[in-house]
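*Asks:* Next up, query_17.csv (CSV, C-alpha atoms).
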chain,number,residue,atom,x,y,z
N,1,MET,CA,-21.1,34.7,-51.7
N,2,ASN,CA,-18.8,32.4,-53.6
N,3,GLU,CA,-19.6,28.9,-54.4
N,4,PRO,CA,-17.7,27.0,-51.7
N,5,ARG,CA,-19.3,29.0,-48.9
N,6,ASP,CA,-22.7,28.2,-50.3
N,7,ARG,CA,-21.8,24.6,-50.2
N,8,LEU,CA,-20.7,24.8,-46.6
N,9,VAL,CA,-23.9,26.5,-45.6
N,10,VAL,CA,-25.9,23.9,-47.4
N,11,ALA,CA,-23.9,21.2,-45.7
N,12,LEU,CA,-24.5,22.7,-42.3
N,13,ARG,CA,-28.2,23.3,-42.9
N,14,PRO,CA,-30.5,20.8,-41.3
N,15,ARG,CA,-32.0,18.6,-44.0
N,16,ARG,CA,-35.6,17.6,-44.1
N,17,ARG,CA,-35.0,14.4,-45.9
N,18,LEU,CA,-32.2,12.3,-44.4
N,19,ARG,CA,-30.4,9.7,-46.4
N,20,THR,CA,-30.6,7.7,-43.3
N,21,ARG,CA,-27.9,5.1,-43.5
N,22,ALA,CA,-25.0,7.3,-44.6
N,23,GLN,CA,-26.1,10.1,-42.3
N,24,ALA,CA,-26.4,7.7,-39.4
N,25,ALA,CA,-23.0,6.3,-40.1
N,26,ILE,CA,-21.5,9.8,-40.2
N,27,ALA,CA,-23.2,10.7,-37.0
N,28,ALA,CA,-21.9,7.6,-35.3
N,29,LEU,CA,-18.4,8.3,-36.5
N,30,PHE,CA,-18.5,11.8,-35.2
N,31,VAL,CA,-19.9,10.7,-31.8
N,32,LEU,CA,-16.9,8.3,-31.7
N,33,LEU,CA,-14.6,11.1,-32.6
N,34,GLY,CA,-16.0,13.4,-30.0
N,35,LEU,CA,-15.9,10.7,-27.4
N,36,GLY,CA,-12.3,9.9,-28.3
N,37,VAL,CA,-11.2,13.5,-28.1
N,38,ALA,CA,-12.9,14.1,-24.8
N,39,VAL,CA,-11.6,10.8,-23.2
N,40,GLN,CA,-8.1,11.4,-24.4
N,41,VAL,CA,-8.0,15.0,-23.2
N,42,HIS,CA,-9.5,13.9,-19.9
N,43,SER,CA,-7.2,11.0,-19.4
N,44,ASN,CA,-4.2,13.2,-20.3
N,45,ALA,CA,-5.3,15.7,-17.7
N,46,GLN,CA,-5.9,12.9,-15.2
N,47,PHE,CA,-2.7,10.9,-15.4
N,48,ASP,CA,0.6,12.5,-14.6
N,49,GLY,CA,1.8,11.8,-18.1
N,50,LEU,CA,4.3,9.1,-17.1
N,51,SER,CA,3.3,7.0,-20.1
N,52,THR,CA,4.1,9.8,-22.5
N,53,ALA,CA,7.2,11.1,-20.7
N,54,ARG,CA,10.6,10.9,-22.3
N,55,GLU,CA,13.2,8.5,-21.2
N,56,ALA,CA,15.4,11.3,-19.8
N,57,ASP,CA,12.4,12.7,-17.9
N,58,LEU,CA,11.6,9.3,-16.5
N,59,VAL,CA,15.2,8.8,-15.4
N,60,GLY,CA,15.0,12.2,-13.6
N,61,ILE,CA,11.7,11.3,-12.0
N,62,LEU,CA,13.2,8.0,-10.9
N,63,ASP,CA,16.2,9.7,-9.4
N,64,ASP,CA,13.9,12.1,-7.6
N,65,LEU,CA,11.9,9.2,-6.2
N,66,THR,CA,15.0,7.3,-5.2
N,67,ALA,CA,16.4,10.3,-3.4
N,68,ARG,CA,13.1,10.9,-1.7
N,69,ASN,CA,12.9,7.2,-0.8
N,70,GLU,CA,16.3,7.4,0.8
N,71,ARG,CA,15.4,10.5,2.7
N,72,LEU,CA,12.3,8.9,4.0
N,73,ALA,CA,14.1,5.8,4.9
N,74,GLY,CA,16.6,7.9,7.0
N,75,GLU,CA,13.7,9.6,8.6
N,76,GLN,CA,12.2,6.2,9.4
N,77,ARG,CA,15.5,5.1,11.0
N,78,ASP,CA,15.6,8.2,13.1
N,79,LEU,CA,12.1,7.7,14.2
N,80,GLN,CA,12.6,4.1,15.0
N,81,ALA,CA,15.7,5.0,17.1
N,82,THR,CA,13.6,7.6,18.9
N,83,ARG,CA,10.9,5.0,19.5
N,84,ASP,CA,13.4,2.5,20.8
N,85,LEU,CA,14.8,5.1,23.1
N,86,LEU,CA,11.4,6.0,24.4
N,87,ALA,CA,10.5,2.3,24.8
N,88,SER,CA,13.7,1.6,26.8
N,89,GLY,CA,13.0,4.7,28.8
N,90,THR,CA,9.6,3.4,29.7
N,91,GLY,CA,11.3,0.1,30.7
N,92,GLN,CA,13.7,2.0,32.9
N,93,SER,CA,11.1,4.1,34.5
N,94,THR,CA,9.0,0.9,35.1
N,95,ALA,CA,12.0,-0.6,36.8
N,96,ALA,CA,12.6,2.5,38.8
N,97,LEU,CA,9.0,2.6,39.8
N,98,ALA,CA,9.2,-1.1,41.0
N,99,GLU,CA,12.4,-0.3,42.9
N,100,ALA,CA,10.8,2.7,44.5
N,101,ARG,CA,7.8,0.6,45.5
N,102,ARG,CA,10.0,-2.0,47.0
N,103,ARG,CA,12.0,0.6,48.9
N,104,ALA,CA,8.7,2.2,50.1
N,105,ASP,CA,7.6,-1.1,51.4
N,106,THR,CA,10.9,-1.7,53.2
N,107,LEU,CA,10.8,1.8,54.7
N,108,GLY,CA,7.1,1.3,55.5
N,109,ILE,CA,8.0,-1.8,57.5
N,110,LEU,CA,10.8,0.0,59.2
N,111,VAL,CA,8.8,3.1,60.0
N,112,GLY,CA,5.7,1.1,60.9
N,113,THR,CA,3.2,2.5,58.3
N,114,VAL,CA,2.5,-0.9,56.8
N,115,PRO,CA,1.4,-4.2,58.4
N,116,ALA,CA,4.0,-7.0,58.4
N,117,VAL,CA,3.8,-10.7,58.7
N,118,GLY,CA,6.6,-13.3,59.0
N,119,GLY,CA,8.2,-15.9,61.1
N,120,GLY,CA,9.1,-14.8,64.6
N,121,ILE,CA,8.4,-15.1,68.3
N,122,VAL,CA,5.7,-14.1,70.7
N,123,VAL,CA,7.0,-13.0,74.1
N,124,THR,CA,4.6,-12.8,77.0
N,125,VAL,CA,6.0,-10.8,79.9
N,126,SER,CA,4.2,-11.1,83.2
N,127,ASP,CA,4.7,-8.7,86.1
N,128,ASP,CA,3.2,-10.2,89.2
N,129,LYS,CA,4.9,-7.8,91.6
N,130,GLY,CA,4.6,-4.6,89.6
N,131,LYS,CA,8.4,-4.2,89.4
N,132,VAL,CA,8.9,-4.5,85.7
N,133,ASP,CA,9.6,-1.0,84.6
N,134,ALA,CA,10.1,0.8,81.3
N,135,ALA,CA,13.8,0.3,81.4
N,136,MET,CA,13.3,-3.5,81.7
N,137,ILE,CA,11.0,-3.5,78.7
N,138,LEU,CA,13.4,-1.4,76.8
N,139,ASP,CA,16.1,-3.9,77.6
N,140,ALA,CA,14.0,-6.6,76.1
N,141,VAL,CA,13.2,-4.6,73.0
N,142,GLU,CA,16.9,-3.7,72.6
N,143,GLU,CA,17.8,-7.4,73.0
N,144,LEU,CA,15.3,-8.3,70.4
N,145,ARG,CA,16.6,-5.7,68.0
N,146,ASP,CA,20.2,-6.8,68.5
N,147,ALA,CA,19.0,-10.3,67.7
N,148,GLY,CA,17.7,-9.1,64.4
N,149,ALA,CA,14.1,-8.4,65.0
N,150,GLU,CA,12.8,-6.5,62.0
N,151,VAL,CA,9.3,-5.6,63.2
N,152,LEU,CA,8.2,-5.2,66.8
N,153,GLN,CA,4.8,-4.7,68.3
N,154,MET,CA,3.9,-4.4,72.0
N,155,ALA,CA,0.5,-4.8,73.6
N,156,SER,CA,-1.2,-5.7,76.7
N,157,ALA,CA,-1.8,-9.4,77.1
N,158,PRO,CA,-3.9,-10.9,74.3
N,159,SER,CA,-7.0,-11.4,76.5
N,160,ASP,CA,-6.9,-7.8,77.4
N,161,GLY,CA,-7.6,-6.6,74.0
N,162,GLY,CA,-5.9,-3.4,74.9
N,163,PRO,CA,-4.1,-1.1,72.5
N,164,ALA,CA,-1.2,-2.4,70.5
N,165,VAL,CA,1.8,-0.3,69.7
N,166,ARG,CA,4.2,-0.6,66.9
N,167,VAL,CA,7.6,-0.4,68.3
N,168,VAL,CA,10.0,1.5,66.0
N,169,ALA,CA,13.2,3.4,66.4
N,170,SER,CA,11.6,6.5,67.9
N,171,THR,CA,9.3,4.6,70.2
N,172,SER,CA,9.5,5.9,73.8
N,173,PHE,CA,9.1,3.8,77.0
N,174,LEU,CA,8.1,5.6,80.2
N,175,ASP,CA,7.3,4.2,83.6
N,176,GLY,CA,3.6,4.3,84.4
N,177,ALA,CA,1.8,3.2,87.5
N,178,PRO,CA,3.2,-0.1,89.0
N,179,GLY,CA,2.3,-2.9,86.6
N,180,SER,CA,2.1,-0.7,83.6
N,181,VAL,CA,4.4,1.2,81.1
N,182,VAL,CA,3.6,4.0,78.8
N,183,VAL,CA,4.7,3.2,75.3
N,184,ASP,CA,4.4,6.0,72.8
N,185,GLY,CA,1.9,7.7,75.1
N,186,ARG,CA,-0.3,4.7,75.5
N,187,VAL,CA,-0.7,2.9,78.8
N,188,LEU,CA,0.0,-0.8,78.6
N,189,ARG,CA,-0.7,-3.0,81.5
N,190,ALA,CA,1.0,-6.2,82.5
N,191,PRO,CA,1.1,-8.8,81.3
N,192,TYR,CA,2.6,-7.6,78.1
N,193,THR,CA,2.8,-9.3,74.7
N,194,ILE,CA,5.7,-8.5,72.4
N,195,LEU,CA,5.5,-9.7,68.8
N,196,ALA,CA,8.8,-9.8,67.0
N,197,ILE,CA,9.4,-10.8,63.4
N,198,GLY,CA,12.8,-12.1,62.7
N,199,ASP,CA,14.9,-15.1,63.2
N,200,ALA,CA,13.0,-16.9,65.9
N,201,ARG,CA,15.9,-19.0,67.3
N,202,THR,CA,18.3,-16.2,67.5
N,203,MET,CA,15.8,-13.9,69.2
N,204,SER,CA,14.7,-16.5,71.7
N,205,ALA,CA,18.3,-17.5,72.4
N,206,ALA,CA,19.1,-13.8,72.9
N,207,LEU,CA,16.3,-13.4,75.5
N,208,ARG,CA,17.2,-16.6,77.4
N,209,ILE,CA,20.9,-16.0,77.5
N,210,PRO,CA,22.2,-16.3,81.1
N,211,GLY,CA,22.0,-13.0,82.8
N,212,GLY,CA,19.8,-11.8,80.0
N,213,VAL,CA,16.3,-10.5,79.8
N,214,VAL,CA,14.4,-13.6,81.0
N,215,GLU,CA,16.6,-14.1,84.0
N,216,SER,CA,16.4,-10.4,84.9
N,217,LEU,CA,12.6,-10.5,84.7
N,218,ARG,CA,12.5,-13.5,87.0
N,219,GLY,CA,14.7,-11.6,89.4
N,220,LEU,CA,12.2,-8.9,89.5
N,221,GLY,CA,9.4,-11.3,90.3
N,222,GLY,CA,8.0,-11.5,86.7
N,223,ASP,CA,8.4,-14.0,84.0
N,224,ALA,CA,8.7,-14.3,80.3
N,225,THR,CA,7.3,-17.1,78.1
N,226,ILE,CA,8.6,-17.3,74.5
N,227,VAL,CA,6.6,-18.9,71.8
N,228,GLU,CA,8.2,-19.4,68.4
N,229,SER,CA,5.8,-19.0,65.5
N,230,SER,CA,6.1,-19.3,61.8
N,231,THR,CA,3.5,-16.6,61.2
N,232,VAL,CA,3.6,-13.6,63.4
N,233,SER,CA,1.2,-10.9,62.2
N,234,VAL,CA,2.0,-7.4,63.2
N,235,THR,CA,-1.0,-5.2,62.5
N,236,ALA,CA,-0.4,-2.1,64.7
N,237,LEU,CA,0.5,0.9,62.6
N,238,ARG,CA,2.0,4.3,63.1
N,239,PRO,CA,1.2,7.4,61.1
N,240,ALA,CA,3.9,8.3,58.6
N,241,PRO,CA,6.1,10.9,60.1
N,242,THR,CA,6.4,14.1,58.1
N,243,PRO,CA,9.7,15.7,58.5
N,244,GLN,CA,9.3,19.3,59.6
N,245,TYR,CA,12.8,20.6,59.0
N,246,ALA,CA,14.7,18.0,57.0
N,247,GLN,CA,14.3,17.9,53.3
N,248,PRO,CA,15.6,15.1,51.0
N,249,ALA,CA,18.9,16.1,49.4
N,250,LEU,CA,19.5,15.1,45.9
N,251,ILE,CA,22.5,12.8,45.6
N,252,HIS,CA,24.3,12.9,42.3
S,1,MET,CA,-25.4,19.5,-39.4
S,2,ILE,CA,-25.7,16.0,-38.1
S,3,ALA,CA,-21.9,15.8,-38.0
S,4,VAL,CA,-21.7,18.8,-35.6
S,5,LEU,CA,-24.5,17.3,-33.5
S,6,GLY,CA,-22.7,14.0,-33.3
S,7,LEU,CA,-19.5,15.7,-32.3
S,8,VAL,CA,-21.2,17.7,-29.6
S,9,VAL,CA,-23.0,14.6,-28.3
S,10,GLY,CA,-19.7,12.6,-28.3
S,11,ILE,CA,-17.8,15.3,-26.4
S,12,ALA,CA,-20.6,15.6,-23.9
S,13,LEU,CA,-20.6,11.8,-23.4
S,14,GLY,CA,-16.9,11.8,-22.8
S,15,LEU,CA,-17.0,14.7,-20.4
S,16,PHE,CA,-19.9,13.5,-18.3
S,17,LEU,CA,-19.5,9.8,-18.3
S,18,HIS,CA,-15.7,9.7,-17.9
S,19,PRO,CA,-15.3,6.4,-19.6
S,20,VAL,CA,-12.1,4.6,-18.7
S,21,VAL,CA,-9.9,3.8,-21.7
S,22,PRO,CA,-9.0,0.2,-21.7
S,23,LEU,CA,-5.3,-0.4,-21.2
S,24,TRP,CA,-4.8,-2.1,-24.5
S,25,MET,CA,-6.4,0.9,-26.3
S,26,GLN,CA,-4.4,3.6,-24.6
S,27,PRO,CA,-1.5,3.8,-27.1
S,28,TYR,CA,-3.9,3.8,-30.1
S,29,LEU,CA,-6.6,6.3,-29.0
S,30,PRO,CA,-4.6,9.5,-29.5
S,31,ILE,CA,-3.3,8.3,-32.9
S,32,ALA,CA,-6.8,7.2,-33.9
S,33,VAL,CA,-8.2,10.6,-32.9
S,34,VAL,CA,-5.6,12.4,-35.0
S,35,ALA,CA,-6.4,10.1,-38.0
S,36,ALA,CA,-10.1,10.8,-37.6
S,37,LEU,CA,-9.4,14.5,-37.5
S,38,ASP,CA,-7.5,14.2,-40.7
S,39,ALA,CA,-10.5,12.5,-42.3
S,40,VAL,CA,-12.8,15.2,-41.0
S,41,PHE,CA,-10.7,17.9,-42.5
S,42,GLY,CA,-10.6,16.1,-45.7
S,43,ALA,CA,-14.3,15.8,-45.6
S,44,VAL,CA,-14.7,19.5,-45.0
S,45,ARG,CA,-12.4,20.2,-47.9
S,46,ALA,CA,-14.4,17.9,-50.2
S,47,THR,CA,-17.6,19.5,-49.1
S,48,LEU,CA,-16.2,22.9,-50.1
S,49,GLU,CA,-15.1,21.5,-53.4
S,50,GLY,CA,-18.5,20.0,-54.0
S,51,ILE,CA,-17.2,16.5,-54.2
S,52,PHE,CA,-18.2,15.3,-50.8
S,53,ASP,CA,-19.6,11.8,-50.7
S,54,ASP,CA,-21.0,10.1,-47.6
S,55,LYS,CA,-19.6,6.7,-48.5
S,56,VAL,CA,-16.2,7.9,-49.3
S,57,PHE,CA,-16.1,9.8,-46.0
S,58,VAL,CA,-17.2,6.9,-43.9
S,59,ILE,CA,-14.7,4.6,-45.6
S,60,SER,CA,-11.8,7.1,-45.3
S,61,PHE,CA,-12.6,7.8,-41.7
S,62,VAL,CA,-12.7,4.1,-40.7
S,63,SER,CA,-9.7,3.2,-42.8
S,64,ASN,CA,-7.7,6.1,-41.5
S,65,VAL,CA,-8.3,5.1,-37.9
S,66,LEU,CA,-7.6,1.5,-38.6
S,67,VAL,CA,-4.4,2.1,-40.5
S,68,ALA,CA,-3.1,4.5,-37.9
S,69,ALA,CA,-3.8,2.0,-35.1
S,70,LEU,CA,-2.3,-0.8,-37.2
S,71,ILE,CA,0.9,1.2,-37.7
S,72,VAL,CA,1.2,2.0,-34.1
S,73,PHE,CA,0.5,-1.7,-33.2
S,74,LEU,CA,3.2,-2.8,-35.7
S,75,GLY,CA,5.6,-0.2,-34.3
S,76,ASP,CA,4.9,-1.5,-30.8
S,77,GLN,CA,5.6,-5.1,-31.9
S,78,LEU,CA,8.8,-4.0,-33.6
S,79,GLY,CA,10.0,-1.9,-30.6
S,80,VAL,CA,9.8,1.4,-32.4
S,81,GLY,CA,6.2,2.3,-31.3
S,82,SER,CA,6.9,5.7,-30.0
S,83,GLN,CA,9.0,6.7,-33.0
S,84,LEU,CA,6.4,5.4,-35.4
S,85,SER,CA,3.6,7.1,-33.5
S,86,THR,CA,5.5,10.4,-33.8
S,87,GLY,CA,5.9,9.7,-37.5
S,88,VAL,CA,2.2,9.0,-38.0
S,89,VAL,CA,1.3,12.1,-36.1
S,90,VAL,CA,3.7,14.2,-38.2
S,91,VAL,CA,2.3,12.8,-41.4
S,92,LEU,CA,-1.3,13.3,-40.3
S,93,ALA,CA,-0.6,16.8,-39.1
S,94,MET,CA,0.9,17.6,-42.4
S,95,ARG,CA,-2.2,16.4,-44.2
S,96,ILE,CA,-4.4,18.3,-41.8
S,97,PHE,CA,-2.3,21.4,-42.5
S,98,SER,CA,-2.6,21.0,-46.3
S,99,ASN,CA,-6.3,20.3,-46.0
S,100,ALA,CA,-6.7,23.4,-43.8
S,101,ALA,CA,-4.8,25.5,-46.4
S,102,SER,CA,-7.1,24.2,-49.1
S,103,ILE,CA,-10.1,25.0,-47.0
S,104,ARG,CA,-8.8,28.4,-46.4
S,105,ARG,CA,-8.3,29.0,-50.1
S,106,GLN,CA,-11.8,27.7,-50.9
S,107,LEU,CA,-13.4,29.9,-48.3
S,108,PHE,CA,-11.4,33.1,-48.7
S,109,GLY,CA,-10.1,32.7,-52.2
S,110,GLY,CA,-6.6,33.1,-50.9
Since I need it in another form, could you write the structure as structure tokens?
*Replies:*
Amino acid sequence: MNEPRDRLVVALRPRRRLRTRAQAAIAALFVLLGLGVAVQVHSNAQFDGLSTAREADLVGILDDLTARNERLAGEQRDLQATRDLLASGTGQSTAALAEARRRADTLGILVGTVPAVGGGIVVTVSDDKGKVDAAMILDAVEELRDAGAEVLQMASAPSDGGPAVRVVASTSFLDGAPGSVVVDGRVLRAPYTILAIGDARTMSAALRIPGGVVESLRGLGGDATIVESSTVSVTALRPAPTPQYAQPALIH
Amino acid sequence: MIAVLGLVVGIALGLFLHPVVPLWMQPYLPIAVVAALDAVFGAVRATLEGIFDDKVFVISFVSNVLVAALIVFLGDQLGVGSQLSTGVVVVLAMRIFSNAASIRRQLFGG
């Protein structure tokens, strides 16, 4: 054992008698040193080292970030365009849906699957002698259609409370017993009530035309009274027909 | 002995408490640590030579740290902070190397 090693051993050996002030100061300094080392190592490991990076490295990092930023901005533009496209697509489909609903309503009125209300006339046809036949009623209906009636309904007289029939394109009129007609398989007895929604003046004029429906009815011993009304409510419905053979063809 | 204990306690504190270095202190801490290391190596060398003195060590430690920090501060003010830091680190490292060589010679007679 040479001398310096002995001194080191002595220095490292715990001492019984501390020279307190100096020892305490040394201890404090070493605590500070250890703290500084640990904190510095920790913070170096923690941060990405930008503060200690060289200028060239910083420039490279900045370039990388700029390129990445541009790429992300491009991506953002693409996504925004896609979003706009989708939004406008939603608008288009909303418009298409509204259009389809409108068309469905129109078709429902035509086919008779939805109730309708509007200005029109109420025609009451009396048949005192039982001579008004299906052809006569059909003439009246045709006359009303020609005059622009959009919705038609036929029933027995109001007081009767009998069945009401929505008159559409495919409605059939058959002769029944005298004083009655069979409309779409339902027996309606005179007097009949025909509700027509359309231009009231045109329709009433069409019925009253000389040699027209009203005159013919009078000739057969019946009569027709026409009341114009601002709200004619057609409530009789028909089930929606389901085409058995026809299929919708796509039109391009 | 108490020096080793203090070092262990300090490192443990730093590792477990994760104290955040204040921003103003961040440029100075590494330099201060290197300067303190220089003082420690000098102290070890003095111990081996039998001329270690508590008072001298404390003063050299504190003054080393303060001077190193002052140099870096001055360099920052003059706009040559990073270069001056490098210079300080180089000088301190050289001193640490020479102290270490002296220690080696003392211990192993090389």
*Asks:* Please report, as JSON lines, each residue of chain S lying at most 7 Å from chain N, together with the nearest pair of atoms and the separation in Å rounded to one decimal; use all atoms listed in the file, and order rows by chain and ascending residue number.
*Replies:*
{"residue": "S:Met1", "atom": "CA", "partner": "N:Leu12", "partner_atom": "CA", "distance": 4.4}
{"residue": "S:Ile2", "atom": "CA", "partner": "N:Ala27", "partner_atom": "CA", "distance": 6.0}
{"residue": "S:Ala3", "atom": "CA", "partner": "N:Ala27", "partner_atom": "CA", "distance": 5.4}
{"residue": "S:Gly6", "atom": "CA", "partner": "N:Val31", "partner_atom": "CA", "distance": 4.6}
{"residue": "S:Leu7", "atom": "CA", "partner": "N:Gly34", "partner_atom": "CA", "distance": 4.8}
{"residue": "S:Val8", "atom": "CA", "partner": "N:Gly34", "partner_atom": "CA", "distance": 6.8}
{"residue": "S:Val9", "atom": "CA", "partner": "N:Val31", "partner_atom": "CA", "distance": 6.1}
{"residue": "S:Gly10", "atom": "CA", "partner": "N:Val31", "partner_atom": "CA", "distance": 4.0}
{"residue": "S:Ile11", "atom": "CA", "partner": "N:Gly34", "partner_atom": "CA", "distance": 4.5}
{"residue": "S:Leu13", "atom": "CA", "partner": "N:Leu35", "partner_atom": "CA", "distance": 6.3}
{"residue": "S:Gly14", "atom": "CA", "partner": "N:Leu35", "partner_atom": "CA", "distance": 4.8}
{"residue": "S:Leu15", "atom": "CA", "partner": "N:Ala38", "partner_atom": "CA", "distance": 6.0}
{"residue": "S:His18", "atom": "CA", "partner": "N:Val39", "partner_atom": "CA", "distance": 6.8}
{"residue": "S:Pro19", "atom": "CA", "partner": "N:Val39", "partner_atom": "CA", "distance": 6.8}
{"residue": "S:Leu29", "atom": "CA", "partner": "N:Gly36", "partner_atom": "CA", "distance": 6.8}
{"residue": "S:Pro30", "atom": "CA", "partner": "N:Gln40", "partner_atom": "CA", "distance": 6.5}
{"residue": "S:Val33", "atom": "CA", "partner": "N:Gly36", "partner_atom": "CA", "distance": 6.2}
{"residue": "S:Ala36", "atom": "CA", "partner": "N:Leu33", "partner_atom": "CA", "distance": 6.7}
{"residue": "S:Thr47", "atom": "CA", "partner": "N:Leu8", "partner_atom": "CA", "distance": 6.6}
{"residue": "S:Leu48", "atom": "CA", "partner": "N:Pro4", "partner_atom": "CA", "distance": 4.6}
{"residue": "S:Glu49", "atom": "CA", "partner": "N:Pro4", "partner_atom": "CA", "distance": 6.3}
{"residue": "S:Gly50", "atom": "CA", "partner": "N:Arg7", "partner_atom": "CA", "distance": 6.8}
{"residue": "S:Asp54", "atom": "CA", "partner": "N:Ala22", "partner_atom": "CA", "distance": 5.7}
{"residue": "S:Lys55", "atom": "CA", "partner": "N:Ala22", "partner_atom": "CA", "distance": 6.7}
{"residue": "S:Val58", "atom": "CA", "partner": "N:Ile26", "partner_atom": "CA", "distance": 6.4}
{"residue": "S:Gln106", "atom": "CA", "partner": "N:Pro4", "partner_atom": "CA", "distance": 6.0}
{"residue": "S:Leu107", "atom": "CA", "partner": "N:Arg5", "partner_atom": "CA", "distance": 6.0}
*Asks:* One number please: CA of Ala157 (chain N) to CA of Lys129 (chain N), in Å, one decimal.
*Replies:*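 It comes out at 16.1 Å.
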*Asks:* Go through S:Leu5, S:Asp76, S:Val44, S:Ser60 and flag the residue nearest Trp24 (chain S), using only C-alpha atoms for the distances.
*Replies:* S:Asp76
*Asks:* Set the distance at 7 Å and use only C-alpha atoms: which residues neighbour region 222-231 of chain N once local chain neighbours fewer than 3 positions away are removed? I'd like the list as a VMD selection string.
*Replies:* chain N and resid 117 to 129 200 204 214 217 to 218
*Asks:* Skip Arg238 (chain N) itself and residues of its chain fewer than 3 positions away, then list as a PyMOL selection string all residues within 12 Å of it, counting all atoms listed in the file.
*Replies:* chain N and resi 108-115+152-153+164-171+184+234-235+241-242
*Asks:* Taking all atoms of region 42-57 of chain S that the file lists, what box with edges along x, y and z, padded by 6 Å per side, do you get, with centre and edge lengths in Å to one decimal, as JSON?
*Replies:*
{"center_x": -15.8, "center_y": 14.8, "center_z": -49.6, "size_x": 22.4, "size_y": 28.2, "size_z": 21.2}
*Asks:* Within 12 Å of (6.2, 2.8, -28.9), in the coordinates the file gives, what residues turn up when you count only C-alpha atoms, written out as a list in words?
*Replies:*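 The distance filter leaves exactly Ser51, Thr52, Ala53, Arg54 and Glu55 of chain N; Gln26, Pro27, Tyr28, Ile31, Ala69, Ile71, Val72, Phe73, Leu74, Gly75, Asp76, Gln77, Leu78, Gly79, Val80, Gly81, Ser82, Gln83, Leu84, Ser85, Thr86, Gly87 and Val88 of chain S.
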*Asks:* Using all atoms listed in the file for the distances, tell me which of S:Ile96, S:Val4, S:Leu17, S:Val56 is nearest to Asp38 (chain S).
*Replies:*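 Using all atoms listed in the file, the shortest distance to Asp38 (chain S) belongs to S:Ile96.
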*Asks:* Which residues, written as a PDB file with C-alpha atoms, in the frame of the given file, have at least one atom at most 6 Å from Gly179 (chain N), with all atoms listed in the file counted and residues fewer than 5 positions away on the same chain left out?
*Replies:*
ATOM      1  CA  GLY N 130       4.600  -4.600  89.600  1.00  0.00           C
ATOM      2  CA  ARG N 189      -0.700  -3.000  81.500  1.00  0.00           C
ATOM      3  CA  ALA N 190       1.000  -6.200  82.500  1.00  0.00           C
TER       4      ALA N 190
END
*Asks:* Quote the spacing between CA of Leu144 (chain N) and CA of Ala100 (chain N) in Å to one decimal place.
*Replies:*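 Between CA of Leu144 (chain N) and CA of Ala100 (chain N) the gap is 28.5 Å.
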*Asks:* To one decimal place, how far is CA of Met25 (chain S) from CA of Ala43 (chain S) in Å?
*Replies:*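 CA of Ala43 (chain S) lies 25.6 Å from CA of Met25 (chain S).
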